[in-house]
Amino acid sequence: MTDQTVVNALKTPGQLPRFDLFRVDQVTETIGELADRYLVELEQIEKNVSPTWESAVASLTDLEEPLSYAFAIVGHLLAVQNSPELRTAHESVLPRLVETSLRRAQSNGLYKALLQLKESDEWQKLDGGRRRVIESMIRDSELAGVGLEGPQRERFQEIEKELAELSTKFVNNVLDATKAFSLVLTDPDEIEGLPSTARGMAAQYAAAAGDATESDPDKGPWRITLDLPMYLGFLMHAKRRDLREKVFRAHVVRASSGDLNNEPLIDRILELRAEQASLLGYENYADVSLATKMAPSIEAIYEQLDSIRESARPKASEEFEYLQEFARRETGDAGLELQPWDNAFWGERLREKELGYTDEDLRPYFSLPRVLDGLFGVAEKVLGVRIEAADDQATFWDPAVRFFQVKEADGTPIASFCLDAYSRPENKRGGAWMNWILPRKLLADGTLQLPVAWLMCNQTPPVGDKPSLMSFGEVRTLFHEFGHGLQHMLTQVDFAEASGLSNIEWDAVELASTFMENWCYHRETLLGMAKHFETGETISEDLYQKISKSRQFRIASLIINQLFYSELDLRLHDGFTPGQGQTPNDLKVELGKKHLVRPQIPEDRLLCSFSHIFAGGYAAGYYSYLWASVLAADAWEGFVEAGLDEKSIGETGARYRRTVLGLGGTEHPIEVFKKFRGREPEPEPLLRQLGLA
Ligand SMILES: [Zn+2]
């Protein structure tokens with residue numbers, strides 16, 4: 001297609017979207033048109049469907065493609081280039097998304113064809129991967145209410161629509177509440193302790209908001225926001241305890257009052273999910289969630305959480321006492337009681353003392369360009385692929401977005417991806433994530449469509465003429481998202497229904513990403529990339545040893561938070577009923593007492609910004625992070641056991657690429673894991689890695 005014929009960026013399925021041609025005023029009409037066509041053609045397919053893979057599966061994938069492509073672009077832009085116009089457009093088409101996806105999942109005709117296919121001779125001819133896809137489709141249809149009739153069916157559809165609206169509202173409230181707070185500081189005394197990166201960022205925000213004509217990191221003014229890098233930087237470093245408290249309090253009450261209050265939304269979401277579960281014949285929503293997970297049962301999850309808690313909780317208590325003693329010694333205040341806004345600050349001071357470095361000492365060694373070299377080096381050494389910049393081949397939603405191609409060692413293209421690395425609080429949502437626009441897929445003409453992934457981070461942006469100087473946490477995050485990207489891009493599956501991350505159980509998805517983080521601690525990899533951005537000098541062996549040691553630094557305190565979030569999420573979806581005495585926040589307080597060493601402040605409204613479970617698809621699935629950490633640590637031990645020398649890395653890496661990264665959703669994750677590791681996963685490697693064994 002030439003530039004002249006491409007007038008609508010939403011209408012180029014199978015190609016990299018032309019973001020330069022995207023027009024928000026085309027969204028409603030285009031998606032309406034695509035949805036209408038989809039529904040008409042779906043009816044045709046339903047009428048003529050036969051129990052074969054081609055008819056009951058592949059033809060639907062093809063039919064869906066133009067619509068899901070357009071939706072993917074709009075949903076993505078909402079996350080990375082949010083604007084009032086786009087929100088309105090998105091809200092206007094959201095009901096169509098729900099309507100069309102439900103229409104297919106609830107189609108009796110298609111459901112019956114799938115059941116027939118399973119009983120037919122055709123079934124014997126299908127490979128295991130395609131059979132697994134069909135079984136997932138049957139299950140998903142059942143979860144979408146295919147078995148419901150009449151009023152129950154209507155009710156189910158109403159709930160789906162309302163839930164979709166509620167989750168969009170939930171995220172928008174969090175985004176708006178995050179933006180609504182800022183603290184303008186003008187006295188240098190107020191920013192004492194803040195490292196230059198944070199000062200620079202705060203001065204840049206101040207200038208952007210019109211507090212000053214130009215940003216001056218040393219003279220101010222400085223604007224402190226709740227945007228994550230800024231928020232964390234302030235809590236870790238600002239010496240003024242009263243200001244830390246102010247910023248902390250603003251953060252933990254986000255979206256919990258006024259027009260942006262998410263509390264009524266939470267009640268409603270939980271209520272609707274419970275109703276949905278009961279319509280489907282499940283006891284509660286957690287069971288609905290587990291139907292699509294790798295974990296065998298909710299009891300198995302509680303058991304795993306408990307066994308980790310057994311080692312982590314006492315250790316976390318020790319860590320807290322130790323930190324408090326340290327803070328008392330440093331301040332000379334023997335009666336000092338650490339408050340939640342003190343933990344990060346004193347944690348950093350203790351880290352400086354015991355590990356002898358600060359995050360700020362490391363930043364100059366982790367400039368984005370060098371970190372990318374290191375990351376791509378791992379991909380080459382371990383997986384045998386080459387990654388090359390291809391920025392001139394595409395335009396994205398922001399000029400800072402980079403584009404890369406992934407190739408085999410012999411130069412054959414395999415995939416491509418873009419990287420939107422920097423925090424952009426004005427229009428990009430927080431956190432880091434991976435998404436894709438094109439899956440690997442064998443096309444009708446026999447050519448192979450190559451996968452395209454989108455990696456999004458929210459790391460410290462470049463300040464002035466310095467490149468983005470990353471904290472070590474930001475480096476880890478980048479490796480993590482790249483791990484997700486690799487699973488999408490290095491898949492060997494040729495049909496979209498199971499290529500990449502498609503048809504993989506949720507709680508297994510974090511394996512590939514968490515696994516990648518191990519390379520940040522691997523000596524040769526780290527020394528290879530940690531080079532000073534100005535002098536090129538490699539980070540010292542001593543600093544490497546300290547980074548390596550830092551992995552277990554106060555780790556139990558972090559793990560108990562994960563355990564707390566995981567159990568809170570599960571319990572909210574496992575028999576909890578809002579409006580019957582205990583509120584979701586009460587449950588949070590109760591579980592806080594069980595897991596946390598010190599209770600949260602009474603005003604804390606963590607649930608109001610817990611987008612993962614109320615808007616992000618992690619409902620009764622937050623435990624997946626810990627679950628997958630067990631898999632990832634065990635997979636890493638596979639590399640360690642083989643020796644981590646060049647030869648063994650190549651061999652183990654090739655096996656890892658063939659299995660974990662290659663097999664997509666064609667086999668159950670436990671089988672994939674066994675193919676790589678030769679046995680079922682065990683929790684000990686994780687406990688050892690964290691020093692909790
Ligand atoms: Zn992840």
# chains A, B, ... in the order shown; residues from 1 in each chain; ligands from 1
>>> residues_near_ligand(ligand="ligand 1", cutoff="8 Å", atoms="only C-alpha atoms and all ligand atoms", output="VMD selection string")
chain A and resid 432 to 434 480 to 481 484 509 to 510 513 to 514 625
>>> write_last_selection(atoms="C-alpha atoms", output="PDB file, in the first residue's frame")
ATOM      1  CA  ALA A 432       5.701  -1.518  32.409  1.00  0.00           C
ATOM      2  CA  TRP A 433       4.112  -4.021  30.076  1.00  0.00           C
ATOM      3  CA  MET A 434       4.429  -5.897  26.798  1.00  0.00           C
ATOM      4  CA  HIS A 480      11.588  -8.412  32.320  1.00  0.00           C
ATOM      5  CA  GLU A 481       9.484  -6.872  29.560  1.00  0.00           C
ATOM      6  CA  HIS A 484       7.797 -11.271  27.560  1.00  0.00           C
ATOM      7  CA  VAL A 509       3.131 -16.151  31.479  1.00  0.00           C
ATOM      8  CA  GLU A 510       5.510 -14.478  33.947  1.00  0.00           C
ATOM      9  CA  SER A 513       9.893 -12.462  31.824  1.00  0.00           C
ATOM     10  CA  THR A 514      11.024 -13.191  35.377  1.00  0.00           C
ATOM     11  CA  TYR A 625       3.809 -13.390  39.949  1.00  0.00           C
TER      12      TYR A 625
END
>>> residues_around(residues="region 184-200 of chain A", least_positions_apart="2", cutoff="6 Å", atoms="only C-alpha atoms", output="number ranges by chain")
A: 202-203, 217, 220-223, 237-239
>>> residues_around(residues="Arg87 (chain A)", least_positions_apart="3", cutoff="12 Å", atoms="only C-alpha atoms", output="VMD selection string")
chain A and resid 24 to 25 27 to 28 74 to 84 90 to 94 165 168 to 169 171 to 172 427
>>> closest_residue(among="A:Gly14, A:Pro602, A:Gly430, A:Pro264", to="Pro66 (chain A)", atoms="only C-alpha atoms")
A:Gly14
>>> residues_around(residues="Ile224 (chain A)", least_positions_apart="6", cutoff="9 Å", atoms="only C-alpha atoms", output="PyMOL selection string")
chain A and resi 181-185+201-203+205-206+230-231+234+247
>>> residues_around(residues="Trp53 (chain A)", least_positions_apart="3", cutoff="9 Å", atoms="only C-alpha atoms", output="ChimeraX atom specification")
/A:50,56-59,114,117,122-123,126,130,134
>>> write_last_selection(atoms="N, CA, C and O atoms", output="PDB file, in the first residue's frame")
ATOM      1  N   SER A  50     -18.848 -26.184   9.805  1.00  0.00           N
ATOM      2  CA  SER A  50     -18.731 -27.635   9.888  1.00  0.00           C
ATOM      3  C   SER A  50     -17.651 -27.970  10.906  1.00  0.00           C
ATOM      4  O   SER A  50     -16.807 -27.132  11.208  1.00  0.00           O
ATOM      5  N   ALA A  56     -14.338 -24.158  11.898  1.00  0.00           N
ATOM      6  CA  ALA A  56     -14.785 -23.769  13.239  1.00  0.00           C
ATOM      7  C   ALA A  56     -13.747 -22.957  14.013  1.00  0.00           C
ATOM      8  O   ALA A  56     -14.053 -22.385  15.044  1.00  0.00           O
ATOM      9  N   VAL A  57     -12.514 -22.910  13.496  1.00  0.00           N
ATOM     10  CA  VAL A  57     -11.485 -22.147  14.216  1.00  0.00           C
ATOM     11  C   VAL A  57     -10.816 -21.110  13.316  1.00  0.00           C
ATOM     12  O   VAL A  57     -10.937 -19.898  13.525  1.00  0.00           O
ATOM     13  N   ALA A  58     -10.117 -21.599  12.280  1.00  0.00           N
ATOM     14  CA  ALA A  58      -9.278 -20.698  11.483  1.00  0.00           C
ATOM     15  C   ALA A  58     -10.082 -19.600  10.792  1.00  0.00           C
ATOM     16  O   ALA A  58      -9.653 -18.436  10.743  1.00  0.00           O
ATOM     17  N   SER A  59     -11.260 -19.939  10.282  1.00  0.00           N
ATOM     18  CA  SER A  59     -12.039 -18.926   9.563  1.00  0.00           C
ATOM     19  C   SER A  59     -12.453 -17.800  10.510  1.00  0.00           C
ATOM     20  O   SER A  59     -12.566 -16.643  10.121  1.00  0.00           O
ATOM     21  N   LEU A 114     -17.575 -27.143  17.702  1.00  0.00           N
ATOM     22  CA  LEU A 114     -16.334 -27.490  18.396  1.00  0.00           C
ATOM     23  C   LEU A 114     -16.490 -28.814  19.151  1.00  0.00           C
ATOM     24  O   LEU A 114     -15.598 -29.664  19.131  1.00  0.00           O
ATOM     25  N   LEU A 117     -16.470 -31.510  16.656  1.00  0.00           N
ATOM     26  CA  LEU A 117     -15.107 -31.703  16.146  1.00  0.00           C
ATOM     27  C   LEU A 117     -14.319 -32.604  17.090  1.00  0.00           C
ATOM     28  O   LEU A 117     -13.564 -33.482  16.675  1.00  0.00           O
ATOM     29  N   GLU A 122     -11.879 -36.197  12.445  1.00  0.00           N
ATOM     30  CA  GLU A 122     -11.001 -35.038  12.239  1.00  0.00           C
ATOM     31  C   GLU A 122     -10.036 -34.872  13.407  1.00  0.00           C
ATOM     32  O   GLU A 122      -8.871 -34.530  13.252  1.00  0.00           O
ATOM     33  N   TRP A 123     -10.597 -35.039  14.614  1.00  0.00           N
ATOM     34  CA  TRP A 123      -9.855 -34.818  15.865  1.00  0.00           C
ATOM     35  C   TRP A 123      -8.545 -35.605  15.873  1.00  0.00           C
ATOM     36  O   TRP A 123      -7.504 -35.111  16.293  1.00  0.00           O
ATOM     37  N   LEU A 126      -5.693 -34.004  14.023  1.00  0.00           N
ATOM     38  CA  LEU A 126      -5.138 -32.723  14.488  1.00  0.00           C
ATOM     39  C   LEU A 126      -3.944 -32.938  15.410  1.00  0.00           C
ATOM     40  O   LEU A 126      -3.905 -33.902  16.174  1.00  0.00           O
ATOM     41  N   ARG A 130      -3.277 -27.855  18.209  1.00  0.00           N
ATOM     42  CA  ARG A 130      -4.606 -27.447  17.728  1.00  0.00           C
ATOM     43  C   ARG A 130      -5.706 -28.020  18.618  1.00  0.00           C
ATOM     44  O   ARG A 130      -6.704 -27.368  18.881  1.00  0.00           O
ATOM     45  N   ILE A 134      -8.636 -25.915  20.649  1.00  0.00           N
ATOM     46  CA  ILE A 134     -10.074 -26.207  20.586  1.00  0.00           C
ATOM     47  C   ILE A 134     -10.643 -26.406  21.991  1.00  0.00           C
ATOM     48  O   ILE A 134     -11.703 -25.884  22.326  1.00  0.00           O
TER      49      ILE A 134
END
>>> atom_distance(atom1="CA of Gly233 (chain A)", atom2="CA of Arg254 (chain A)")
18.2 Å
>>> select_by_dssp(residues="region 556-586 of chain A", states="helix (DSSP H, G or I)", output="mmCIF file with N, CA and C atoms, in the first residue's frame")
data_model
loop_
_atom_site.group_PDB
_atom_site.id
_atom_site.type_symbol
_atom_site.label_atom_id
_atom_site.label_comp_id
_atom_site.auth_asym_id
_atom_site.auth_seq_id
_atom_site.Cartn_x
_atom_site.Cartn_y
_atom_site.Cartn_z
ATOM 1 N N ALA A 556 12.842 -10.200 52.148
ATOM 2 C CA ALA A 556 11.663 -10.774 52.803
ATOM 3 C C ALA A 556 10.568 -9.717 52.949
ATOM 4 N N SER A 557 10.967 -8.458 53.178
ATOM 5 C CA SER A 557 9.985 -7.378 53.300
ATOM 6 C C SER A 557 9.211 -7.213 51.992
ATOM 7 N N LEU A 558 9.908 -7.396 50.903
ATOM 8 C CA LEU A 558 9.263 -7.288 49.598
ATOM 9 C C LEU A 558 8.328 -8.468 49.336
ATOM 10 N N ILE A 559 8.826 -9.656 49.682
ATOM 11 C CA ILE A 559 8.043 -10.872 49.440
ATOM 12 C C ILE A 559 6.744 -10.870 50.252
ATOM 13 N N ILE A 560 6.797 -10.390 51.507
ATOM 14 C CA ILE A 560 5.549 -10.411 52.275
ATOM 15 C C ILE A 560 4.511 -9.466 51.659
ATOM 16 N N ASN A 561 4.972 -8.399 51.024
ATOM 17 C CA ASN A 561 4.022 -7.542 50.306
ATOM 18 C C ASN A 561 3.350 -8.312 49.172
ATOM 19 N N GLN A 562 4.144 -9.066 48.439
ATOM 20 C CA GLN A 562 3.599 -9.873 47.350
ATOM 21 C C GLN A 562 2.601 -10.904 47.885
ATOM 22 N N LEU A 563 2.957 -11.515 49.012
ATOM 23 C CA LEU A 563 2.057 -12.506 49.614
ATOM 24 C C LEU A 563 0.753 -11.836 50.037
ATOM 25 N N PHE A 564 0.884 -10.651 50.603
ATOM 26 C CA PHE A 564 -0.276 -9.879 51.048
ATOM 27 C C PHE A 564 -1.200 -9.550 49.875
ATOM 28 N N TYR A 565 -0.639 -8.973 48.817
ATOM 29 C CA TYR A 565 -1.456 -8.648 47.632
ATOM 30 C C TYR A 565 -2.099 -9.902 47.050
ATOM 31 N N SER A 566 -1.326 -10.987 46.989
ATOM 32 C CA SER A 566 -1.822 -12.218 46.367
ATOM 33 C C SER A 566 -3.007 -12.770 47.147
ATOM 34 N N GLU A 567 -2.865 -12.827 48.484
ATOM 35 C CA GLU A 567 -3.961 -13.393 49.268
ATOM 36 C C GLU A 567 -5.163 -12.456 49.282
ATOM 37 N N LEU A 568 -4.898 -11.147 49.354
ATOM 38 C CA LEU A 568 -5.999 -10.182 49.354
ATOM 39 C C LEU A 568 -6.845 -10.338 48.090
ATOM 40 N N ASP A 569 -6.161 -10.415 46.974
ATOM 41 C CA ASP A 569 -6.858 -10.579 45.694
ATOM 42 C C ASP A 569 -7.666 -11.878 45.663
ATOM 43 N N LEU A 570 -7.049 -12.973 46.093
ATOM 44 C CA LEU A 570 -7.757 -14.258 46.071
ATOM 45 C C LEU A 570 -8.979 -14.239 46.990
ATOM 46 N N ARG A 571 -8.765 -13.736 48.209
ATOM 47 C CA ARG A 571 -9.856 -13.753 49.185
ATOM 48 C C ARG A 571 -11.028 -12.870 48.743
ATOM 49 N N LEU A 572 -10.719 -11.736 48.093
ATOM 50 C CA LEU A 572 -11.799 -10.871 47.599
ATOM 51 C C LEU A 572 -12.672 -11.593 46.582
ATOM 52 N N PRO A 584 -14.288 -4.377 51.526
ATOM 53 C CA PRO A 584 -13.003 -4.817 50.960
ATOM 54 C C PRO A 584 -11.830 -4.220 51.728
ATOM 55 N N ASN A 585 -11.991 -2.963 52.147
ATOM 56 C CA ASN A 585 -10.901 -2.343 52.900
ATOM 57 C C ASN A 585 -10.706 -3.012 54.261
ATOM 58 N N ASP A 586 -11.805 -3.448 54.893
ATOM 59 C CA ASP A 586 -11.677 -4.183 56.166
ATOM 60 C C ASP A 586 -10.871 -5.463 55.961
#
>>> residues_around(residues="Arg440 (chain A)", least_positions_apart="6", cutoff="7 Å", atoms="only C-alpha atoms", output="MDAnalysis selection string")
chainID A and resid 449:451 494:496 499
>>> closest_residue(among="A:Asp218, A:Asp176, A:Glu497, A:Glu283", to="Thr61 (chain A)", atoms="only C-alpha atoms")
A:Glu497
>>> closest_residue(among="A:Thr395, A:Thr88, A:Gln124, A:Asn261", to="Thr52 (chain A)", atoms="only C-alpha atoms")
A:Gln124
